file run_27.csv (CSV, C-alpha atoms)
chain,number,residue,atom,x,y,z
G,1,MET,CA,0.0,0.0,0.0
G,2,SER,CA,2.9,2.4,0.8
G,3,GLY,CA,4.3,1.9,-2.7
G,4,LEU,CA,1.0,2.7,-4.3
G,5,SER,CA,0.6,5.8,-2.1
G,6,GLU,CA,4.0,7.0,-3.0
G,7,ALA,CA,3.3,6.5,-6.7
G,8,SER,CA,0.0,8.3,-6.4
G,9,ALA,CA,1.7,11.2,-4.6
G,10,ASP,CA,4.3,11.4,-7.4
G,11,ARG,CA,1.7,11.6,-10.0
G,12,ILE,CA,-0.1,14.4,-8.2
G,13,THR,CA,3.2,16.2,-7.6
G,14,ASN,CA,4.3,16.0,-11.2
G,15,LEU,CA,1.1,17.2,-12.8
G,16,PRO,CA,1.8,19.9,-15.4
G,17,VAL,CA,1.8,23.4,-14.0
G,18,GLU,CA,-1.3,24.5,-16.0
G,19,VAL,CA,-3.3,21.5,-14.7
G,20,ILE,CA,-2.3,22.3,-11.1
G,21,GLN,CA,-3.3,25.9,-11.5
G,22,ARG,CA,-6.5,24.9,-13.2
G,23,ILE,CA,-7.5,22.7,-10.3
G,24,GLN,CA,-6.7,25.4,-7.8
G,25,LEU,CA,-8.7,28.0,-9.7
G,26,LEU,CA,-11.8,25.8,-9.6
G,27,LEU,CA,-11.6,25.6,-5.8
G,28,PRO,CA,-12.5,28.1,-3.1
G,29,THR,CA,-9.3,29.8,-2.1
G,30,PRO,CA,-9.0,28.3,1.5
G,31,LEU,CA,-9.5,24.8,0.1
G,32,ALA,CA,-6.9,25.4,-2.6
G,33,ALA,CA,-4.5,26.5,0.1
G,34,ARG,CA,-5.1,23.4,2.2
G,35,MET,CA,-4.6,21.2,-0.9
G,36,ALA,CA,-1.2,22.9,-1.3
G,37,THR,CA,0.1,20.8,1.5
G,38,LEU,CA,0.1,17.8,-1.0
G,39,SER,CA,3.5,18.9,-2.1
G,40,THR,CA,5.9,21.8,-2.1
G,41,LYS,CA,5.3,22.2,-5.9
G,42,TRP,CA,1.6,22.7,-5.3
G,43,ARG,CA,2.3,25.2,-2.6
G,44,ARG,CA,4.5,27.2,-4.8
G,45,HIS,CA,1.9,27.4,-7.6
G,46,TRP,CA,-1.0,28.1,-5.2
G,47,ARG,CA,0.8,31.3,-4.0
G,48,SER,CA,0.8,32.7,-7.5
G,49,ILE,CA,-2.8,31.9,-8.7
G,50,PRO,CA,-4.3,35.2,-10.0
G,51,ARG,CA,-7.9,34.6,-8.8
G,52,LEU,CA,-8.9,34.4,-5.2
G,53,GLU,CA,-12.3,33.6,-3.8
G,54,PHE,CA,-13.6,33.5,-0.2
G,55,LEU,CA,-17.0,32.3,0.7
G,56,ALA,CA,-18.3,32.8,4.3
G,57,ALA,CA,-21.0,30.6,5.9
G,58,ASN,CA,-24.3,31.2,4.3
G,59,SER,CA,-25.9,32.7,7.3
G,60,ALA,CA,-27.3,36.2,8.0
G,61,ASP,CA,-26.7,35.9,11.8
G,62,GLN,CA,-22.9,35.2,11.9
G,63,ASP,CA,-21.5,36.2,15.2
G,64,GLU,CA,-18.5,38.5,15.5
G,65,MET,CA,-16.1,35.7,16.5
G,66,MET,CA,-16.9,33.7,13.4
G,67,MET,CA,-16.6,36.8,11.2
G,68,ASN,CA,-13.2,37.6,12.7
G,69,LYS,CA,-12.0,34.1,12.1
G,70,PHE,CA,-13.1,34.3,8.5
G,71,MET,CA,-11.3,37.6,8.0
G,72,PHE,CA,-8.2,36.2,9.6
G,73,THR,CA,-8.1,33.5,6.9
G,74,VAL,CA,-8.5,36.1,4.2
G,75,TYR,CA,-5.6,38.2,5.6
G,76,LYS,CA,-3.4,35.1,6.0
G,77,VAL,CA,-3.9,34.1,2.4
G,78,LEU,CA,-3.2,37.6,1.2
G,79,LEU,CA,0.0,37.8,3.2
G,80,LEU,CA,1.2,34.5,1.8
G,81,HIS,CA,0.3,35.2,-1.8
G,82,ASP,CA,3.3,36.5,-3.8
G,83,GLY,CA,1.9,37.1,-7.3
G,84,PRO,CA,-0.5,39.4,-9.1
G,85,ILE,CA,-4.2,39.2,-8.0
G,86,THR,CA,-6.4,40.1,-11.0
G,87,ASN,CA,-9.7,38.8,-9.6
G,88,PHE,CA,-10.9,38.9,-6.0
G,89,ARG,CA,-14.3,37.7,-4.7
G,90,LEU,CA,-15.5,38.0,-1.2
G,91,VAL,CA,-18.9,36.6,-0.3
G,92,PHE,CA,-20.6,36.9,3.1
G,93,GLY,CA,-23.8,35.5,4.4
G,94,GLY,CA,-24.0,38.5,6.7
G,95,ILE,CA,-21.7,41.4,7.6
G,96,SER,CA,-21.0,43.4,10.7
G,97,PRO,CA,-20.8,47.2,10.3
G,98,CYS,CA,-17.4,47.1,12.1
G,99,LEU,CA,-15.9,45.3,9.0
G,100,HIS,CA,-16.6,48.0,6.5
G,101,ASN,CA,-13.2,49.7,7.1
G,102,GLU,CA,-11.5,46.3,6.8
G,103,ILE,CA,-13.1,45.8,3.4
G,104,ASP,CA,-11.8,49.2,2.3
G,105,GLN,CA,-8.3,48.3,3.4
G,106,ILE,CA,-8.5,45.1,1.4
G,107,ILE,CA,-9.4,47.1,-1.7
G,108,ILE,CA,-6.5,49.4,-1.2
G,109,TYR,CA,-4.1,46.5,-0.7
G,110,LEU,CA,-5.3,44.8,-3.8
G,111,SER,CA,-5.0,47.9,-5.9
G,112,ASP,CA,-1.2,47.4,-5.9
G,113,ARG,CA,-1.5,43.8,-7.0
G,114,GLY,CA,-2.8,44.2,-10.6
G,115,LEU,CA,-6.5,44.0,-9.6
G,116,ARG,CA,-9.0,44.0,-12.6
G,117,GLU,CA,-12.2,42.7,-11.1
G,118,PHE,CA,-13.4,43.0,-7.5
G,119,THR,CA,-16.7,41.3,-6.2
G,120,PHE,CA,-18.0,42.0,-2.8
G,121,SER,CA,-21.3,40.4,-1.9
G,122,PHE,CA,-23.3,40.3,1.3
G,123,HIS,CA,-26.8,40.2,2.7
G,124,SER,CA,-27.6,42.9,5.2
G,125,PRO,CA,-30.5,45.3,5.2
G,126,ASP,CA,-28.4,47.8,7.2
G,127,SER,CA,-25.5,48.0,4.8
G,128,VAL,CA,-26.6,50.7,2.4
G,129,ILE,CA,-23.5,52.7,1.7
G,130,TYR,CA,-20.5,51.7,-0.3
G,131,ASN,CA,-17.5,53.7,-1.6
G,132,ILE,CA,-15.3,52.5,-4.4
G,133,VAL,CA,-11.9,54.3,-4.6
G,134,PHE,CA,-9.9,52.8,-8.1
G,135,TYR,CA,-6.3,53.2,-7.5
G,136,GLY,CA,-5.7,50.9,-10.4
G,137,GLU,CA,-7.2,50.3,-13.9
G,138,PHE,CA,-10.4,48.2,-13.9
G,139,GLN,CA,-12.2,46.4,-16.7
G,140,ARG,CA,-15.7,47.1,-15.4
G,141,ILE,CA,-17.8,48.0,-12.4
G,142,CYS,CA,-21.2,46.5,-11.8
G,143,PHE,CA,-23.6,46.0,-8.9
G,144,LYS,CA,-25.8,42.9,-8.5
G,145,GLY,CA,-28.3,42.1,-5.8
G,146,THR,CA,-28.1,45.5,-4.2
G,147,PRO,CA,-31.8,46.5,-3.8
G,148,ARG,CA,-31.0,48.6,-0.6
G,149,LEU,CA,-27.9,50.4,-1.6
G,150,LYS,CA,-28.4,54.1,-1.1
G,151,GLU,CA,-25.1,55.8,-1.7
G,152,VAL,CA,-22.3,55.0,-4.3
G,153,ASN,CA,-19.1,57.0,-4.6
G,154,ILE,CA,-16.7,56.1,-7.4
G,155,CYS,CA,-13.7,58.3,-7.6
G,156,ASP,CA,-10.2,58.2,-9.2
G,157,TYR,CA,-11.6,55.8,-11.8
G,158,LYS,CA,-9.2,54.5,-14.5
G,159,HIS,CA,-10.5,52.3,-17.2
G,160,ASN,CA,-8.3,49.7,-18.8
G,161,GLU,CA,-8.4,51.0,-22.4
G,162,ASN,CA,-6.7,47.8,-23.7
G,163,VAL,CA,-9.8,45.8,-22.8
G,164,GLU,CA,-13.0,46.0,-24.8
G,165,THR,CA,-15.7,47.7,-22.8
G,166,THR,CA,-18.9,46.0,-21.9
G,167,SER,CA,-20.6,48.9,-20.2
G,168,ASP,CA,-24.3,49.4,-20.0
G,169,MET,CA,-25.5,52.6,-18.4
G,170,VAL,CA,-29.1,51.4,-18.3
G,171,ALA,CA,-28.3,48.1,-16.6
G,172,PHE,CA,-25.9,49.8,-14.2
G,173,PHE,CA,-28.6,52.1,-12.7
G,174,ALA,CA,-31.3,49.5,-13.0
G,175,SER,CA,-29.3,47.5,-10.4
G,176,LEU,CA,-29.5,50.4,-8.0
G,177,PRO,CA,-33.2,51.0,-7.5
G,178,THR,CA,-32.9,52.8,-4.1
G,179,LEU,CA,-29.9,55.0,-5.0
G,180,GLN,CA,-30.2,58.3,-3.2
G,181,GLU,CA,-26.7,59.7,-3.7
G,182,PHE,CA,-24.3,59.1,-6.6
G,183,SER,CA,-20.8,60.6,-6.9
G,184,ALA,CA,-18.6,59.7,-9.8
G,185,ASP,CA,-15.4,60.6,-11.6
G,186,PHE,CA,-16.1,62.0,-15.1
G,187,LYS,CA,-13.9,59.1,-16.5
G,188,PHE,CA,-16.4,56.7,-15.0
G,189,LEU,CA,-19.2,58.3,-17.0
G,190,GLU,CA,-17.0,57.9,-20.1
G,191,TYR,CA,-16.9,54.2,-19.3
G,192,LEU,CA,-20.7,54.0,-18.9
G,193,ALA,CA,-21.3,55.9,-22.1
G,194,ALA,CA,-18.8,53.9,-24.2
G,195,GLY,CA,-21.3,51.1,-24.8
G,196,TYR,CA,-23.6,53.4,-26.8
G,197,ASN,CA,-23.5,55.0,-30.2
G,198,ASN,CA,-26.0,57.5,-28.9
G,199,VAL,CA,-26.4,57.8,-25.1
G,200,PRO,CA,-30.1,57.7,-24.2
G,201,THR,CA,-31.6,61.0,-23.1
G,202,ARG,CA,-33.4,59.3,-20.2
G,203,LEU,CA,-33.2,56.0,-18.4
G,204,PRO,CA,-36.2,53.6,-19.0
G,205,ALA,CA,-37.0,53.8,-15.3
G,206,PRO,CA,-36.7,57.2,-13.6
G,207,ARG,CA,-34.5,57.5,-10.6
G,208,HIS,CA,-37.1,58.8,-8.2
G,209,LYS,CA,-35.0,58.4,-5.1
G,210,LEU,CA,-31.8,60.0,-6.4
G,211,LYS,CA,-31.4,63.3,-4.5
G,212,ILE,CA,-27.7,64.1,-4.8
G,213,LEU,CA,-25.6,64.0,-7.9
G,214,GLN,CA,-21.9,64.9,-7.8
G,215,ILE,CA,-19.5,64.8,-10.7
G,216,TYR,CA,-15.7,65.1,-10.3
G,217,ASN,CA,-13.2,66.4,-13.0
G,218,PHE,CA,-16.0,67.6,-15.3
G,219,ASP,CA,-14.9,68.2,-18.9
G,220,PHE,CA,-17.4,70.4,-20.8
G,221,GLY,CA,-15.8,69.5,-24.1
G,222,SER,CA,-16.5,65.7,-24.0
G,223,LEU,CA,-19.9,65.4,-25.8
G,224,ARG,CA,-20.4,61.7,-25.1
G,225,ASN,CA,-19.8,62.2,-21.3
G,226,VAL,CA,-21.9,65.3,-21.2
G,227,ARG,CA,-24.8,63.3,-22.7
G,228,ALA,CA,-24.4,60.8,-19.8
G,229,ILE,CA,-24.8,63.6,-17.3
G,230,VAL,CA,-27.9,64.9,-19.2
G,231,CYS,CA,-29.3,61.4,-19.0
G,232,LEU,CA,-28.8,61.3,-15.3
G,233,ILE,CA,-30.3,64.7,-14.7
G,234,MET,CA,-33.3,64.1,-16.9
G,235,SER,CA,-33.9,60.7,-15.2
G,236,SER,CA,-33.9,62.2,-11.7
G,237,PRO,CA,-37.2,64.1,-11.2
G,238,ASN,CA,-36.5,64.6,-7.4
G,239,LEU,CA,-32.9,65.8,-7.7
G,240,TYR,CA,-32.2,68.1,-4.8
G,241,GLU,CA,-28.5,68.8,-5.0
G,242,LEU,CA,-26.2,69.0,-8.0
G,243,LYS,CA,-22.4,69.3,-7.5
G,244,ILE,CA,-19.9,69.7,-10.3
G,245,GLN,CA,-16.1,69.9,-10.0
G,246,ILE,CA,-14.4,71.4,-13.1
G,247,ASP,CA,-11.4,69.5,-14.5
G,248,THR,CA,-8.3,71.5,-13.6
G,249,GLU,CA,-6.0,69.6,-15.9
G,250,LEU,CA,-7.5,70.9,-19.1
G,251,ASN,CA,-4.7,72.6,-21.1
G,252,GLN,CA,-6.9,75.0,-22.9
G,253,PRO,CA,-10.3,76.6,-22.3
G,254,ALA,CA,-13.3,74.7,-23.6
G,255,THR,CA,-14.3,76.7,-26.6
G,256,ASN,CA,-15.1,74.2,-29.4
G,257,ASP,CA,-18.5,73.5,-30.8
G,258,ALA,CA,-19.1,70.6,-28.4
G,259,VAL,CA,-18.7,72.8,-25.4
G,260,PRO,CA,-22.2,74.2,-24.9
G,261,SER,CA,-23.6,70.7,-25.3
G,262,LEU,CA,-24.6,70.3,-21.7
G,263,VAL,CA,-26.7,73.4,-21.6
G,264,THR,CA,-27.8,73.0,-25.2
G,265,LEU,CA,-29.1,69.5,-24.5
G,266,LEU,CA,-30.8,70.4,-21.3
G,267,GLU,CA,-32.4,73.4,-22.9
G,268,ALA,CA,-33.6,71.2,-25.8
G,269,GLU,CA,-35.3,68.8,-23.4
G,270,HIS,CA,-36.7,71.6,-21.4
G,271,CYS,CA,-38.2,73.4,-24.4
G,272,GLY,CA,-39.2,70.3,-26.3
G,273,GLY,CA,-42.1,69.5,-24.0
G,274,SER,CA,-40.4,66.7,-22.0
G,275,GLY,CA,-39.6,69.0,-19.2
G,276,CYS,CA,-36.4,69.6,-17.3
G,277,CYS,CA,-35.9,67.6,-14.1
G,278,LEU,CA,-34.7,70.6,-12.1
G,279,HIS,CA,-38.1,71.6,-10.6
G,280,ARG,CA,-37.0,70.2,-7.2
G,281,LEU,CA,-33.4,71.3,-7.3
G,282,LYS,CA,-32.4,73.5,-4.3
G,283,VAL,CA,-28.6,73.5,-4.3
G,284,LEU,CA,-26.0,73.9,-7.1
G,285,GLU,CA,-22.3,73.8,-6.3
G,286,VAL,CA,-19.6,74.5,-8.9
G,287,THR,CA,-16.0,74.2,-7.8
G,288,LEU,CA,-12.7,75.1,-9.5
G,289,VAL,CA,-14.4,77.6,-11.7
G,290,ARG,CA,-12.1,79.4,-14.2
G,291,GLY,CA,-14.6,82.0,-15.4
G,292,THR,CA,-15.3,80.5,-18.8
G,293,GLN,CA,-18.4,81.2,-20.9
G,294,VAL,CA,-19.7,77.7,-20.6
G,295,GLU,CA,-19.6,77.9,-16.8
G,296,LEU,CA,-21.7,81.1,-17.0
G,297,GLU,CA,-24.1,79.3,-19.3
G,298,LEU,CA,-24.6,76.5,-16.9
G,299,VAL,CA,-25.4,78.8,-14.0
G,300,ARG,CA,-27.6,81.0,-16.1
G,301,PHE,CA,-29.7,78.0,-17.3
G,302,ILE,CA,-30.2,76.6,-13.8
G,303,LEU,CA,-31.1,80.0,-12.3
G,304,ALA,CA,-33.7,80.4,-15.0
G,305,THR,CA,-35.3,76.9,-14.8
G,306,ALA,CA,-35.1,75.8,-11.1
G,307,PRO,CA,-38.1,77.3,-9.3
G,308,LEU,CA,-37.2,76.0,-5.9
G,309,LEU,CA,-33.5,76.9,-6.1
G,310,GLU,CA,-32.1,78.3,-2.8
G,311,ARG,CA,-28.3,78.4,-3.1
G,312,VAL,CA,-25.7,78.5,-5.9
G,313,HIS,CA,-22.2,78.0,-4.4
G,314,ILE,CA,-19.2,79.1,-6.5
G,315,PHE,CA,-15.7,78.1,-5.7
G,316,PRO,CA,-12.9,79.4,-8.0
G,317,ASP,CA,-9.7,77.9,-9.2
G,318,ARG,CA,-7.4,80.6,-7.9
G,319,ARG,CA,-4.5,79.5,-10.1
G,320,LYS,CA,-6.4,80.2,-13.3
G,321,LEU,CA,-9.0,82.9,-12.4
G,322,LYS,CA,-7.4,86.3,-12.3
G,323,LEU,CA,-8.9,89.4,-10.6
G,324,ARG,CA,-10.3,91.1,-13.7
G,325,LYS,CA,-11.9,88.0,-15.0
G,326,ALA,CA,-13.3,87.1,-11.6
G,327,PHE,CA,-15.0,90.5,-11.3
G,328,LYS,CA,-16.5,90.2,-14.8
G,329,PHE,CA,-17.7,86.7,-14.1
G,330,ILE,CA,-19.5,87.8,-10.9
G,331,LYS,CA,-21.0,90.9,-12.5
G,332,THR,CA,-22.4,88.9,-15.4
G,333,MET,CA,-23.9,86.3,-13.1
G,334,MET,CA,-25.6,88.8,-10.9
G,335,GLN,CA,-27.6,90.0,-14.0
G,336,TYR,CA,-29.2,86.6,-14.7
G,337,LYS,CA,-32.9,86.1,-14.2
G,338,ARG,CA,-34.0,83.7,-11.5
G,339,ALA,CA,-37.0,81.4,-11.5
G,340,SER,CA,-36.8,81.2,-7.7
G,341,LYS,CA,-37.2,84.3,-5.5
G,342,GLU,CA,-35.1,82.6,-2.9
G,343,ALA,CA,-32.2,81.8,-5.1
G,344,GLU,CA,-28.9,83.2,-3.8
G,345,VAL,CA,-25.5,83.1,-5.4
G,346,ILE,CA,-22.8,82.5,-2.8
G,347,TYR,CA,-19.2,83.1,-3.6
G,348,ALA,CA,-16.5,81.3,-1.6
G,349,GLU,CA,-14.2,83.4,0.6
G,350,THR,CA,-11.3,82.5,-1.7
G,351,TYR,CA,-13.4,84.0,-4.6
G,352,LEU,CA,-14.0,87.2,-2.8
G,353,ALA,CA,-10.4,87.4,-1.9
G,354,LEU,CA,-9.6,87.8,-5.6
G,355,LEU,CA,-11.7,91.0,-5.6
G,356,ARG,CA,-10.1,92.6,-2.5
call {"tool": "encode", "arguments": {"input": "run_27.csv", "output": "structure tokens"}}
result
Amino acid sequence: MSGLSEASADRITNLPVEVIQRIQLLLPTPLAARMATLSTKWRRHWRSIPRLEFLAANSADQDEMMMNKFMFTVYKVLLLHDGPITNFRLVFGGISPCLHNEIDQIIIYLSDRGLREFTFSFHSPDSVIYNIVFYGEFQRICFKGTPRLKEVNICDYKHNENVETTSDMVAFFASLPTLQEFSADFKFLEYLAAGYNNVPTRLPAPRHKLKILQIYNFDFGSLRNVRAIVCLIMSSPNLYELKIQIDTELNQPATNDAVPSLVTLLEAEHCGGSGCCLHRLKVLEVTLVRGTQVELELVRFILATAPLLERVHIFPDRRKLKLRKAFKFIKTMMQYKRASKEAEVIYAETYLALLR
């Protein structure tokens, strides 16, 4: 029997590398790690497999001790792994709020390991906020089974341009039926819009619960991305707050024909009978303003069409907005008609400092 066992062990040990890795990839990561004890060769290959998957007990009432034990296993595997990790999947039956920070730390750790796809799945009615920060390039971002998710923040997004996009803006927002606050980098909107020849003007199902929309690094000159923003605004009838951060890395002022497209498209929808979804808007915030005509046009349009507007906050880019231009910008803005009697334009202290 011993001779037969040794022969079997030799056959297992001497399997081709691609076969060993294929077997390990088909197994949950902890089991693959345990099987690595079959031989030093298996152990060496396990530590370099690019896809890791961890499945917790399928229970919504996991106690804290069991959760900590599970997370200890995850950390141990990550510390032992010495190769790139392109796919990472973490599935909980339930999750304690105290683990949210740990999940964020895992994402940060994986960002330096060549991560391309991250899946985080759990069942908890109390877990309604999730932030994605993309320190690396990702192939896609999607949400599945998240009927209670209320807040999503995607910033510093970098899309892997070498991978064919499979984005679907309609499907993305359809998976977030209770979304109340959405913040995204302008590059992420580029990813969402890339799957369309013509970005839809509205989503098939309105986002009635969406109250806050924030866009980082806004480029007025990108027509496709601007259409994505128009789609979000037009699909959000209860939008309360709109925040736009201007892209400070643009080398030249946005003055081409595509520039007025945001305001032009919004005006076209507003005047075309479909109505503009700004009738509940109360707050507009524009940061890193450079005093361009297109920025003025945006403020003008919103002042003229938002009947419940209360505040317009203006924050300048002090590096690019000089005294004379700032004065002209403010003077022009003060002359615009306002649909709301309560509307007030508020300039940041740094803006007023330019005028002193």
call {"tool": "residues_around", "arguments": {"input": "run_27.csv", "residues": "region 81-83 of chain G", "least_positions_apart": "4", "cutoff": "8 Å", "atoms": "all atoms listed in the file", "output": "list in words"}}
result
Trp46, Arg47, Ser48, Ile49, Pro50, Val77 and Arg113 of chain G
call {"tool": "closest_residue", "arguments": {"input": "run_27.csv", "among": "G:Arg148, G:Lys209, G:Lys320, G:Arg89", "to": "Leu115 (chain G)", "atoms": "all atoms listed in the file"}}
result
G:Arg89
call {"tool": "residues_near_point", "arguments": {"input": "run_27.csv", "point": "(-11.0, 79.0, -7.5)", "cutoff": "6 Å", "atoms": "only C-alpha atoms", "output": "short mmCIF file (atom, residue, chain, number, x, y, z; two decimals) with C-alpha atoms, in the frame of the given file"}}
result
data_model
loop_
_atom_site.label_atom_id
_atom_site.label_comp_id
_atom_site.auth_asym_id
_atom_site.auth_seq_id
_atom_site.Cartn_x
_atom_site.Cartn_y
_atom_site.Cartn_z
CA LEU G 288 -12.70 75.10 -9.50
CA VAL G 289 -14.40 77.60 -11.70
CA PHE G 315 -15.70 78.10 -5.70
CA PRO G 316 -12.90 79.40 -8.00
CA ASP G 317 -9.70 77.90 -9.20
CA ARG G 318 -7.40 80.60 -7.90
#
call {"tool": "atom_distance", "arguments": {"input": "run_27.csv", "atom1": "CA of Arg207 (chain G)", "atom2": "CA of Leu232 (chain G)"}}
result
8.3 Å
call {"tool": "residues_around", "arguments": {"input": "run_27.csv", "residues": "Phe118 (chain G)", "least_positions_apart": "2", "cutoff": "10 Å", "atoms": "all atoms listed in the file", "output": "PDB file with C-alpha atoms, keeping the file's coordinate frame"}}
result
ATOM      1  CA  LEU G  52      -8.900  34.400  -5.200  1.00  0.00           C
ATOM      2  CA  ILE G  85      -4.200  39.200  -8.000  1.00  0.00           C
ATOM      3  CA  THR G  86      -6.400  40.100 -11.000  1.00  0.00           C
ATOM      4  CA  ASN G  87      -9.700  38.800  -9.600  1.00  0.00           C
ATOM      5  CA  PHE G  88     -10.900  38.900  -6.000  1.00  0.00           C
ATOM      6  CA  ARG G  89     -14.300  37.700  -4.700  1.00  0.00           C
ATOM      7  CA  LEU G  90     -15.500  38.000  -1.200  1.00  0.00           C
ATOM      8  CA  ILE G 107      -9.400  47.100  -1.700  1.00  0.00           C
ATOM      9  CA  LEU G 110      -5.300  44.800  -3.800  1.00  0.00           C
ATOM     10  CA  SER G 111      -5.000  47.900  -5.900  1.00  0.00           C
ATOM     11  CA  LEU G 115      -6.500  44.000  -9.600  1.00  0.00           C
ATOM     12  CA  ARG G 116      -9.000  44.000 -12.600  1.00  0.00           C
ATOM     13  CA  PHE G 120     -18.000  42.000  -2.800  1.00  0.00           C
ATOM     14  CA  PHE G 138     -10.400  48.200 -13.900  1.00  0.00           C
ATOM     15  CA  GLN G 139     -12.200  46.400 -16.700  1.00  0.00           C
ATOM     16  CA  ARG G 140     -15.700  47.100 -15.400  1.00  0.00           C
ATOM     17  CA  ILE G 141     -17.800  48.000 -12.400  1.00  0.00           C
ATOM     18  CA  CYS G 142     -21.200  46.500 -11.800  1.00  0.00           C
TER      19      CYS G 142
END
call {"tool": "residues_near_point", "arguments": {"input": "run_27.csv", "point": "(-22.8, 53.0, -20.8)", "cutoff": "8 Å", "atoms": "only C-alpha atoms", "output": "number ranges by chain"}}
result
G: 167-170, 172, 189-196, 199
call {"tool": "atom_distance", "arguments": {"input": "run_27.csv", "atom1": "CA of Cys271 (chain G)", "atom2": "CA of Asp247 (chain G)"}}
result
28.8 Å
call {"tool": "closest_residue", "arguments": {"input": "run_27.csv", "among": "G:Phe188, G:Phe182, G:Tyr216, G:Phe92", "to": "Glu241 (chain G)", "atoms": "only C-alpha atoms"}}
result
G:Phe182
